[in-house]
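Inspection log for the structure reproduced underneath, given as structure tokens.
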2 protein chains.
Amino acid sequence: MGKLVKIAVDAMGGDYAPREIVKGAVQAAREDGTEIVLVGREDAIQRELKRYDVSALPIRVVNADEVMREGESPVAALRLKPGASILVATRIVKEGEADAVVSVGYTGAVMVSAIEILGKLEGIRRPSAGGLLCGFAPNTVVFDMGSNADCKPRDLLTFAAIGSVVARKMLRITNPTVALLSNGSEEGKGNLLVKRAYQLFRESNLNFIGNVEGDDIPAGKANVVICDGFTGNILIKFCEGLGDQLAKRLRVTLDKHLSRTEIDAISTDLFSLTHVADVSGGGMIYGVNGVVWIGHGRSKAPQVAESIHQVKLVVEANLIGAMRAELTKMQELKE
Amino acid sequence: MGKLVKIAVDAMGGDYAPREIVKGAVQAAREDGTEIVLVGREDAIQRELKRYDVSALPIRVVNADEVMREGESPVAALRLKPGASILVATRIVKEGEADAVVSVGYTGAVMVSAIEILGKLEGIRRPSAGGLLCGFAPNTVVFDMGSNADCKPRDLLTFAAIGSVVARKMLRITNPTVALLSNGSEEGKGNLLVKRAYQLFRESNLNFIGNVEGDDIPAGKANVVICDGFTGNILIKFCEGLGDQLAKRLRVTLDKHLSRTEIDAISTDLFSLTHVADVSGGGMIYGVNGVVWIGHGRSKAPQVAESIHQVKLVVEANLIGAMRAELTKMQELKE
């Protein structure tokens with residue numbers, strides 16, 4: 001391997017900051033050999049670091065006196081709290097002093113910091129989130145599952161470019177198939193957004209296979225499934241909810257057949273298949289000019305370490321470089 | 001009970017017409033005492049009727065020489081094939097000679113016949129379809145799951161009026177709660193359609209409880225969940241697809257613990273919970289001025305009999321009268 005991956009970690013964000021964040025970062029440095037820059041109140045971080053033997057680990061601390069809190073306007077905080085940990089951590093990435101930023105803090109603040117400090121990739125109107133929707137289709141990523149409730153056809157096209165790179169680089173699929181999620185598989189099916197996007201997709205350099213329906217997602221019919229973030233969010237929540245109800249039902253049904261331990265194992269399996277977002281502990285913000293990971297606020301040390309591990313893989317795969325190239329190619333084709 | 005319910009059955013529609021349609025109709029007449037008007041080629045129907053002892057049953061035949069076939073333009077057929085069985089059957093309802101029409105034929109033709117011959121209820125722009133989405137929530141109906149991919153806020157309001165009547169009359173829920181399906185439960189969440197509909201819903205006479213998320217559907221958080229038909233279709237298909245994948249998975253997992261028969265029972269249960277549309281065999285067209293049922297083309301006699309049974313309940317509940325009243329009330333409130 002080449003040089004160490006260096007990750008800026010917002011030590012002040014999340015429900016269990018700074019204790020669990022520092023603990024998770026130490027674990028990641030120890031296990032993965034990742035270089036860690038802990039960003040936040042130096043005294044609080046040092047106090048936590050004293051709990052571990054970190055003398056041999058590649059960890060350093062950068063002071064940041066302020067913290068952005070859930071509910072604050074992140075845009076206002078950019079001006080009013082320039083010393084907020086997430087801003088300082090993101091600036092470290094911008095300046096090339098780290099390869100990525102990881103935060104389990106206030107999502108809006110991480111998002112705004114990423115957009116304002118790192119900027120967006122070419123052609124991107126708003127960043128997106130995506131990945132596996134359910135565990136039954138390990139080779140299918142869905143975009144957008146972020147906050148883009150209202151999309152234009154061109155937004156869907158950029159999600160598809162991003163999704164294709166994720167499928168190629170992270171799932172190692174050579175020529176990932178791309179489909180639009182619709183209410184019918186034939187061309188001409190769909191709402192206005194999908195119908196318009198269909199034309200754009202067909203004229204693009206994507207490996208576009210047409211429309212897929214809801215049941216085609218768990219069946220893994222396409223590697224990259226594209227929808228607006230409204231639909232994506234409803235689907236991922238529905239999947240979780242269905243998983244919960246099924247688990248309850250199976251507990252009752254299997255009670256007389258299996259032991260408690262066996263039922264627990266089936267429940268755990270079912271949970272991991274239907275709660276992919278919970279299992280991954282967070283996700284990337286895609287479409288910004290740098291690697292930014294938002295973890296769940298409730299993350300504890302193991303989830304923080306896992307987040308850092310995921311991000312390390314993203315950096316090593318040079319995902320952002322590949323996305324930049326893909327989006328530029330798409331742009332050129334258009335002109 | 002008062003007078004017999006009289007149902008016009010399109011004997012020529014569906015993959016197994018007329019044999020299985022006639023057989024199912026005979027069964028319904030025998031079991032439910034429903035009066036049946038079989039509409040189609042008289043000779044073909046009489047030939048089928050000879051297979052049963054129908055002398056004591058309230059069945060009559062109305063001749064219709066033509067049939068509308070999948071793929072034909074139903075609008076053109078209105079002019080070109082005035083003697084088509086579905087048109088004749090629907091006209092019988094229009095003239096008050098039957099209380100409802102049942103067809104397992106070409107969906108587009110049934111829809112157009114219903115709209116053109118019976119007309120739409122006040123305030124309805126396009127008819128809708130809806131009902132249970134998954135078996136985990138037996139007290140939750142979802143509208144639209146039909147073909148209304150692009151909706152206006154006012155369309156969602158009429159779906160909610162219809163859904164409320166279905167919940168009240170068919171599920172016997174006194175004051176059904178109504179919610180908008182969204183990507184967040186707080187007011188202000190949603191795509192543009194949902195945000196605009198939110199205001200309309202709040203000012204309406206509906207028992208509106210705000211937004212619900214995807215996981216709230218299987219959890220049964222509201223009795224009536226409203227979305228556009230694009231989202232509704234994707235959800236119902238996704239539910240079916242997830243059910244299929246789960247059944248496959250459980251077969252493997254449970255193989256070493258349970259007998260084949262026990263596993264089959266669990267699979268059947270899972271199927272009925274996640275394939276509600278398949279189990280019901282079809283559904284009502286809501287928003288037209290009469291009771292119209294479209295069953296699946298692959299329906300055989302038991303499904304035809306069950307469809308007729310469902311429709312009888314709808315007629316007895318005076319669903320259309322209640323919808324007319326609800327939509328008129330909504331209209332008056334607006335003015």
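Residue numbering restarts at 1 for every chain of the structure tokens, chains are lettered A, B, ... in their displayed order, and ligands are numbered from 1 as they appear.
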
Problem set entry | region 108-229 of chain B: residues DSSP assigns to alpha helix (DSSP H), reported as a ChimeraX atom specification | /B:108-113,153-169,192-202,229

Write out, as a CSV table (one decimal), in the first residue's frame, the residues just selected, with C-alpha atoms.
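Result file follows (selection-v5.csv):
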```csv
chain,number,residue,atom,x,y,z
B,108,GLY,CA,-58.3,-0.5,-19.5
B,109,ALA,CA,-61.7,-1.4,-21.0
B,110,VAL,CA,-63.4,-1.9,-17.6
B,111,MET,CA,-62.0,1.5,-16.5
B,112,VAL,CA,-63.1,3.4,-19.6
B,113,SER,CA,-66.5,1.7,-19.6
B,153,PRO,CA,-53.0,18.1,-4.2
B,154,ARG,CA,-56.8,18.1,-4.8
B,155,ASP,CA,-56.6,14.5,-6.2
B,156,LEU,CA,-55.0,13.4,-2.9
B,157,LEU,CA,-57.9,15.0,-1.1
B,158,THR,CA,-60.5,13.0,-3.0
B,159,PHE,CA,-58.5,9.8,-2.5
B,160,ALA,CA,-58.6,10.6,1.3
B,161,ALA,CA,-62.4,11.1,1.2
B,162,ILE,CA,-62.8,7.8,-0.6
B,163,GLY,CA,-60.3,6.0,1.7
B,164,SER,CA,-62.1,7.3,4.7
B,165,VAL,CA,-65.4,5.9,3.5
B,166,VAL,CA,-63.8,2.6,2.7
B,167,ALA,CA,-62.3,2.4,6.2
B,168,ARG,CA,-65.6,3.4,7.8
B,169,LYS,CA,-67.9,1.2,5.8
B,192,LEU,CA,-44.0,19.7,-3.2
B,193,LEU,CA,-47.2,17.7,-3.8
B,194,VAL,CA,-47.3,16.5,-0.1
B,195,LYS,CA,-46.5,20.0,1.2
B,196,ARG,CA,-49.3,21.5,-0.7
B,197,ALA,CA,-51.7,18.7,0.1
B,198,TYR,CA,-50.9,19.1,3.8
B,199,GLN,CA,-52.6,22.5,3.9
B,200,LEU,CA,-55.7,21.2,2.0
B,201,PHE,CA,-56.0,18.2,4.3
B,202,ARG,CA,-55.7,20.4,7.4
B,229,GLY,CA,-50.3,6.2,-7.5
```

For this session: Counting only C-alpha atoms, collect the residues of chain A whose closest atom lies at most 7 Å from chain B, and write them out as a list of chain:residue names.
Result: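 So the residues of chain A near chain B are A:Phe136, A:Ala149, A:Asp150, A:Ser182, A:Asn183, A:Gly190, A:Asn191, A:Leu192, A:Glu213, A:Gly214, A:Asp215, A:Asp216, A:Pro218, A:Ala219, A:Phe230, A:Thr231, A:Asn233, A:Ile234, A:Leu235, A:Lys237, A:Phe238, A:Glu240, A:Gly241, A:Leu242, A:Gln245.
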
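You can rank B:Val39, B:Ile209, B:Val104, B:Leu171 by their closest distance to Gly282 (chain B) using only C-alpha atoms, and at the top of that list sits B:Val104.
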
Problem set entry | From A:Ala44, A:Leu132, A:Ile226, A:Leu57, residue lying nearest Ala28 (chain A) [only C-alpha atoms] |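 For Ala28 (chain A), the nearest of the given residues is A:Leu57.
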
Exercise. Can you tell me, as a PyMOL selection string, what residues are no more than 9 Å from Arg251 (chain B) when counting only C-alpha atoms, ignoring any on the same chain fewer than 5 positions away?
Worked result: chain B and resi 246+263-264+267

Keeping only C-alpha atoms, write the selected residues as a JSON list (two decimals), in the first residue's frame.
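Written out: part_0.json:
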```json
[["chain", "number", "residue", "atom", "x", "y", "z"],
["B", 246, "LEU", "CA", -37.89, -13.53, 2.56],
["B", 263, "ILE", "CA", -42.43, -24.56, 6.19],
["B", 264, "ASP", "CA", -45.17, -24.50, 3.55],
["B", 267, "SER", "CA", -44.61, -19.56, 3.38]]
```

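The gap separating CA of Asp15 (chain A) from CA of Arg298 (chain A) is 5.4 Å, in Å to one decimal.
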
Exercise. Which is closest to Gly295 (chain A) among A:Ile7, A:Val22, A:Val102, A:Asp144, if we use only C-alpha atoms?
Worked result: A:Val102

Exercise. Which of region 25-246 of chain B counts as strand (DSSP E or B) under DSSP, as a VMD selection string please?
Worked result: chain B and resid 35 to 40 59 to 63 66 84 100 to 103 120 128 130 to 132 141 to 143 178 to 181 208 to 212 224 to 226

Could you write out that same residue set with C-alpha atoms as a PDB file, in the first residue's frame?
```pdb
ATOM      1  CA  GLU B  35     -78.694 -12.559  -8.385  1.00  0.00           C
ATOM      2  CA  ILE B  36     -76.424 -12.890 -11.387  1.00  0.00           C
ATOM      3  CA  VAL B  37     -76.727 -11.389 -14.848  1.00  0.00           C
ATOM      4  CA  LEU B  38     -74.230 -13.138 -17.105  1.00  0.00           C
ATOM      5  CA  VAL B  39     -73.286 -10.912 -20.030  1.00  0.00           C
ATOM      6  CA  GLY B  40     -71.703 -12.268 -23.207  1.00  0.00           C
ATOM      7  CA  ILE B  59     -79.218 -16.413 -12.908  1.00  0.00           C
ATOM      8  CA  ARG B  60     -80.124 -14.830 -16.202  1.00  0.00           C
ATOM      9  CA  VAL B  61     -78.201 -14.267 -19.412  1.00  0.00           C
ATOM     10  CA  VAL B  62     -77.966 -11.080 -21.456  1.00  0.00           C
ATOM     11  CA  ASN B  63     -76.512 -11.454 -24.919  1.00  0.00           C
ATOM     12  CA  GLU B  66     -68.488  -8.646 -28.987  1.00  0.00           C
ATOM     13  CA  ALA B  84     -68.895  -5.549 -26.244  1.00  0.00           C
ATOM     14  CA  ALA B 100     -72.654  -3.711  -9.709  1.00  0.00           C
ATOM     15  CA  VAL B 101     -70.467  -5.000 -12.505  1.00  0.00           C
ATOM     16  CA  VAL B 102     -67.700  -7.574 -12.122  1.00  0.00           C
ATOM     17  CA  SER B 103     -65.100  -8.235 -14.797  1.00  0.00           C
ATOM     18  CA  LYS B 120     -67.353  10.071 -12.105  1.00  0.00           C
ATOM     19  CA  SER B 128     -58.425   5.439  -8.036  1.00  0.00           C
ATOM     20  CA  GLY B 130     -56.730   1.193  -3.071  1.00  0.00           C
ATOM     21  CA  GLY B 131     -57.102  -1.034  -0.072  1.00  0.00           C
ATOM     22  CA  LEU B 132     -54.801  -2.963   2.240  1.00  0.00           C
ATOM     23  CA  VAL B 141     -55.971   1.262   3.551  1.00  0.00           C
ATOM     24  CA  VAL B 142     -53.633   2.959   1.098  1.00  0.00           C
ATOM     25  CA  PHE B 143     -54.796   5.155  -1.810  1.00  0.00           C
ATOM     26  CA  VAL B 178     -55.988   9.967   7.676  1.00  0.00           C
ATOM     27  CA  ALA B 179     -52.302  10.647   6.962  1.00  0.00           C
ATOM     28  CA  LEU B 180     -50.126  11.707   4.077  1.00  0.00           C
ATOM     29  CA  LEU B 181     -47.243   9.400   3.240  1.00  0.00           C
ATOM     30  CA  PHE B 208     -56.121  14.260   9.488  1.00  0.00           C
ATOM     31  CA  ILE B 209     -53.223  13.308  11.747  1.00  0.00           C
ATOM     32  CA  GLY B 210     -50.368  14.668   9.611  1.00  0.00           C
ATOM     33  CA  ASN B 211     -47.569  12.888   7.793  1.00  0.00           C
ATOM     34  CA  VAL B 212     -46.542   9.289   8.284  1.00  0.00           C
ATOM     35  CA  VAL B 224     -56.024   5.816   5.638  1.00  0.00           C
ATOM     36  CA  VAL B 225     -52.616   6.517   4.095  1.00  0.00           C
ATOM     37  CA  ILE B 226     -52.565   8.757   1.036  1.00  0.00           C
TER      38      ILE B 226
END
```

Problem set entry | Neighbour list for His296 (chain B) as a PyMOL selection string, cut-off 10 Å, only C-alpha atoms, skip fewer than 4 positions in-chain | chain B and resi 13-15+103-107+277-278+280-283+300+303-304+307

For this session: Might you pull out every residue within 12 Å of Gly33 (chain B), with only C-alpha atoms counted and same-chain residues fewer than 2 positions away left off, and present them as JSON, numbers by chain?
Result: {"B": [1, 3, 4, 5, 6, 7, 25, 26, 27, 28, 29, 30, 31, 35, 36, 56, 57, 58, 59, 305, 308, 309, 312]}

Export of prior selection with C-alpha atoms as a JSON list (two decimals), in the first residue's frame:
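Below you can see result_25.json, which holds the result:
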```json
[["chain", "number", "residue", "atom", "x", "y", "z"],
["B", 1, "MET", "CA", -82.13, -8.46, 4.53],
["B", 3, "LYS", "CA", -83.91, -7.07, -1.75],
["B", 4, "LEU", "CA", -81.37, -9.35, -3.37],
["B", 5, "VAL", "CA", -78.13, -7.88, -4.63],
["B", 6, "LYS", "CA", -77.97, -8.14, -8.41],
["B", 7, "ILE", "CA", -74.57, -8.31, -10.11],
["B", 25, "ALA", "CA", -70.92, -17.03, -10.94],
["B", 26, "VAL", "CA", -72.95, -20.19, -10.39],
["B", 27, "GLN", "CA", -71.02, -20.80, -7.18],
["B", 28, "ALA", "CA", -71.72, -17.25, -5.95],
["B", 29, "ALA", "CA", -75.42, -17.53, -6.78],
["B", 30, "ARG", "CA", -75.59, -20.79, -4.90],
["B", 31, "GLU", "CA", -73.57, -19.74, -1.83],
["B", 35, "GLU", "CA", -78.69, -12.56, -8.39],
["B", 36, "ILE", "CA", -76.42, -12.89, -11.39],
["B", 56, "ALA", "CA", -83.39, -22.92, -8.83],
["B", 57, "LEU", "CA", -80.71, -20.21, -9.03],
["B", 58, "PRO", "CA", -81.33, -16.51, -9.74],
["B", 59, "ILE", "CA", -79.22, -16.41, -12.91],
["B", 305, "ALA", "CA", -66.97, -16.24, -6.76],
["B", 308, "ILE", "CA", -68.72, -11.41, -6.54],
["B", 309, "HIS", "CA", -68.86, -11.94, -2.79],
["B", 312, "LYS", "CA", -71.99, -7.90, -2.72]]
```
